Amino acid sequence: MQINNVGTNIVKPTVEYTAEDFSFLMATNFESAYNLCQMAHPLLKASGYGSIVFMSSAAGIQSSNVGSIYSATKGALNQLARNLACEWACDSIRANAVAPNAITTPLAQHLLEDKNFMEALKSRTPLGRAGKPEEVAALVTFLCLPAASYITGQTICIDGGLTVNGFSYQPQA
């Protein structure tokens with residue numbers, strides 16, 4: 001199995017991104033996963049039961065004002081999961097993406113401590129809270145198990161219902 005769990009973000013308006021910002025985010029969030037898949041393919045194929053899971057984001061499913069490049073990289077991971085699912089099925093390799101909402105991790109802590117952000121998140125998330133790391137880990141684990149052997153090419157949102165509601169947040173200046 002291969003879990004692609006790398007990502008970072010630079011949040012700014014699209015017209016303010018530099019070529020360096022674009023290259024950095026694309027290389028970190030997308031290119032690293034793409035290259036790792038290429039390198040891991042022979043090992044996954046030899047295992048007879050390969051499973052790839054990409055850590056995407058709800059921002060790769062819908063607009064969420066977190067940065068256009070970040071969202072594009074996560075959308076690219078979703079598409080890569082679909083392509084590899086079809087291309088590598090003959091090698092007994094499955095590929096899926098997991099698209100979380102805000103999760104209570106150190107990386108998101110500054111947002112989760114922002115009262116305005118949490119109010120906006122709760123208002124747009126039917127379950128009314130951020131997700132927990134163990135909830136995401138349980139889904140990733142499931143996708144790697146034989147019980148998920150007929151699931152491939154999917155982007156599974158683990159978002160408390162956010163993507164069926166939409167989300168928009170503008171930080172207070």
# chains A, B, ... in the order shown; residues from 1 in each chain; ligands from 1

call {"tool": "residues_around", "arguments": {"residues": "Ala46 of chain A", "least_positions_apart": "5", "cutoff": "10 Å", "atoms": "only C-alpha atoms", "output": "PDB file with N, CA, C and O atoms, in the first residue's frame"}}
result
ATOM      1  N   HIS A  41       5.148   1.700  -8.350  1.00  0.00           N
ATOM      2  CA  HIS A  41       4.377   0.806  -9.202  1.00  0.00           C
ATOM      3  C   HIS A  41       4.926  -0.624  -9.245  1.00  0.00           C
ATOM      4  O   HIS A  41       4.160  -1.579  -9.043  1.00  0.00           O
ATOM      5  N   ASP A  91      -2.947  -4.464 -13.142  1.00  0.00           N
ATOM      6  CA  ASP A  91      -1.813  -4.832 -12.296  1.00  0.00           C
ATOM      7  C   ASP A  91      -2.252  -5.090 -10.854  1.00  0.00           C
ATOM      8  O   ASP A  91      -1.415  -5.165  -9.948  1.00  0.00           O
ATOM      9  N   SER A  92      -3.576  -5.179 -10.632  1.00  0.00           N
ATOM     10  CA  SER A  92      -4.160  -5.392  -9.298  1.00  0.00           C
ATOM     11  C   SER A  92      -3.812  -4.262  -8.331  1.00  0.00           C
ATOM     12  O   SER A  92      -3.576  -4.486  -7.148  1.00  0.00           O
ATOM     13  N   ILE A  93      -3.806  -3.053  -8.860  1.00  0.00           N
ATOM     14  CA  ILE A  93      -3.547  -1.870  -8.045  1.00  0.00           C
ATOM     15  C   ILE A  93      -4.795  -0.993  -8.071  1.00  0.00           C
ATOM     16  O   ILE A  93      -5.302  -0.655  -9.135  1.00  0.00           O
TER      17      ILE A  93
END

call {"tool": "select_by_dssp", "arguments": {"residues": "segment 34-166 of chain A", "states": "strand (DSSP E)", "output": "PyMOL selection string"}}
result
chain A and resi 50-55+93-100+155-158

call {"tool": "write_last_selection", "arguments": {"atoms": "N, CA and C atoms", "output": "PDB file, in the first residue's frame"}}
result
ATOM      1  N   GLY A  50      -2.192  -4.093  -4.658  1.00  0.00           N
ATOM      2  CA  GLY A  50      -1.726  -2.745  -4.373  1.00  0.00           C
ATOM      3  C   GLY A  50      -2.876  -1.794  -4.103  1.00  0.00           C
ATOM      4  N   SER A  51      -2.644  -0.904  -3.171  1.00  0.00           N
ATOM      5  CA  SER A  51      -3.634   0.122  -2.857  1.00  0.00           C
ATOM      6  C   SER A  51      -2.914   1.448  -2.667  1.00  0.00           C
ATOM      7  N   ILE A  52      -3.362   2.447  -3.397  1.00  0.00           N
ATOM      8  CA  ILE A  52      -2.831   3.801  -3.286  1.00  0.00           C
ATOM      9  C   ILE A  52      -3.941   4.682  -2.731  1.00  0.00           C
ATOM     10  N   VAL A  53      -3.592   5.498  -1.742  1.00  0.00           N
ATOM     11  CA  VAL A  53      -4.542   6.463  -1.199  1.00  0.00           C
ATOM     12  C   VAL A  53      -3.885   7.836  -1.241  1.00  0.00           C
ATOM     13  N   PHE A  54      -4.558   8.774  -1.884  1.00  0.00           N
ATOM     14  CA  PHE A  54      -4.109  10.157  -1.942  1.00  0.00           C
ATOM     15  C   PHE A  54      -4.871  10.967  -0.905  1.00  0.00           C
ATOM     16  N   MET A  55      -4.150  11.772  -0.126  1.00  0.00           N
ATOM     17  CA  MET A  55      -4.814  12.695   0.796  1.00  0.00           C
ATOM     18  C   MET A  55      -5.108  13.969   0.027  1.00  0.00           C
ATOM     19  N   ILE A  93      -3.806  -3.053  -8.860  1.00  0.00           N
ATOM     20  CA  ILE A  93      -3.547  -1.870  -8.045  1.00  0.00           C
ATOM     21  C   ILE A  93      -4.795  -0.993  -8.071  1.00  0.00           C
ATOM     22  N   ARG A  94      -5.271  -0.662  -6.888  1.00  0.00           N
ATOM     23  CA  ARG A  94      -6.401   0.250  -6.749  1.00  0.00           C
ATOM     24  C   ARG A  94      -5.871   1.624  -6.341  1.00  0.00           C
ATOM     25  N   ALA A  95      -6.594   2.678  -6.705  1.00  0.00           N
ATOM     26  CA  ALA A  95      -6.207   4.039  -6.325  1.00  0.00           C
ATOM     27  C   ALA A  95      -7.452   4.825  -5.950  1.00  0.00           C
ATOM     28  N   ASN A  96      -7.394   5.484  -4.812  1.00  0.00           N
ATOM     29  CA  ASN A  96      -8.499   6.296  -4.322  1.00  0.00           C
ATOM     30  C   ASN A  96      -7.952   7.557  -3.675  1.00  0.00           C
ATOM     31  N   ALA A  97      -8.820   8.534  -3.504  1.00  0.00           N
ATOM     32  CA  ALA A  97      -8.463   9.768  -2.811  1.00  0.00           C
ATOM     33  C   ALA A  97      -9.422   9.982  -1.651  1.00  0.00           C
ATOM     34  N   VAL A  98      -8.915  10.585  -0.602  1.00  0.00           N
ATOM     35  CA  VAL A  98      -9.703  10.929   0.582  1.00  0.00           C
ATOM     36  C   VAL A  98      -9.687  12.448   0.682  1.00  0.00           C
ATOM     37  N   ALA A  99     -10.860  13.050   0.799  1.00  0.00           N
ATOM     38  CA  ALA A  99     -10.979  14.508   0.789  1.00  0.00           C
ATOM     39  C   ALA A  99     -11.574  15.015   2.098  1.00  0.00           C
ATOM     40  N   PRO A 100     -10.714  15.317   3.077  1.00  0.00           N
ATOM     41  CA  PRO A 100     -11.221  15.805   4.360  1.00  0.00           C
ATOM     42  C   PRO A 100     -11.596  17.289   4.335  1.00  0.00           C
ATOM     43  N   THR A 155     -13.087   9.416  -5.070  1.00  0.00           N
ATOM     44  CA  THR A 155     -12.701  10.459  -4.125  1.00  0.00           C
ATOM     45  C   THR A 155     -13.780  10.453  -3.061  1.00  0.00           C
ATOM     46  N   ILE A 156     -13.399  10.065  -1.868  1.00  0.00           N
ATOM     47  CA  ILE A 156     -14.362   9.928  -0.774  1.00  0.00           C
ATOM     48  C   ILE A 156     -14.188  11.112   0.165  1.00  0.00           C
ATOM     49  N   CYS A 157     -15.250  11.891   0.284  1.00  0.00           N
ATOM     50  CA  CYS A 157     -15.237  13.053   1.169  1.00  0.00           C
ATOM     51  C   CYS A 157     -15.494  12.595   2.594  1.00  0.00           C
ATOM     52  N   ILE A 158     -14.639  13.024   3.489  1.00  0.00           N
ATOM     53  CA  ILE A 158     -14.818  12.783   4.917  1.00  0.00           C
ATOM     54  C   ILE A 158     -14.837  14.173   5.535  1.00  0.00           C
TER      55      ILE A 158
END

call {"tool": "residues_around", "arguments": {"residues": "segment 4-18 of chain A", "least_positions_apart": "3", "cutoff": "6 Å", "atoms": "only C-alpha atoms", "output": "PyMOL selection string"}}
result
chain A and resi 21+29+33+54-55+66-67+70
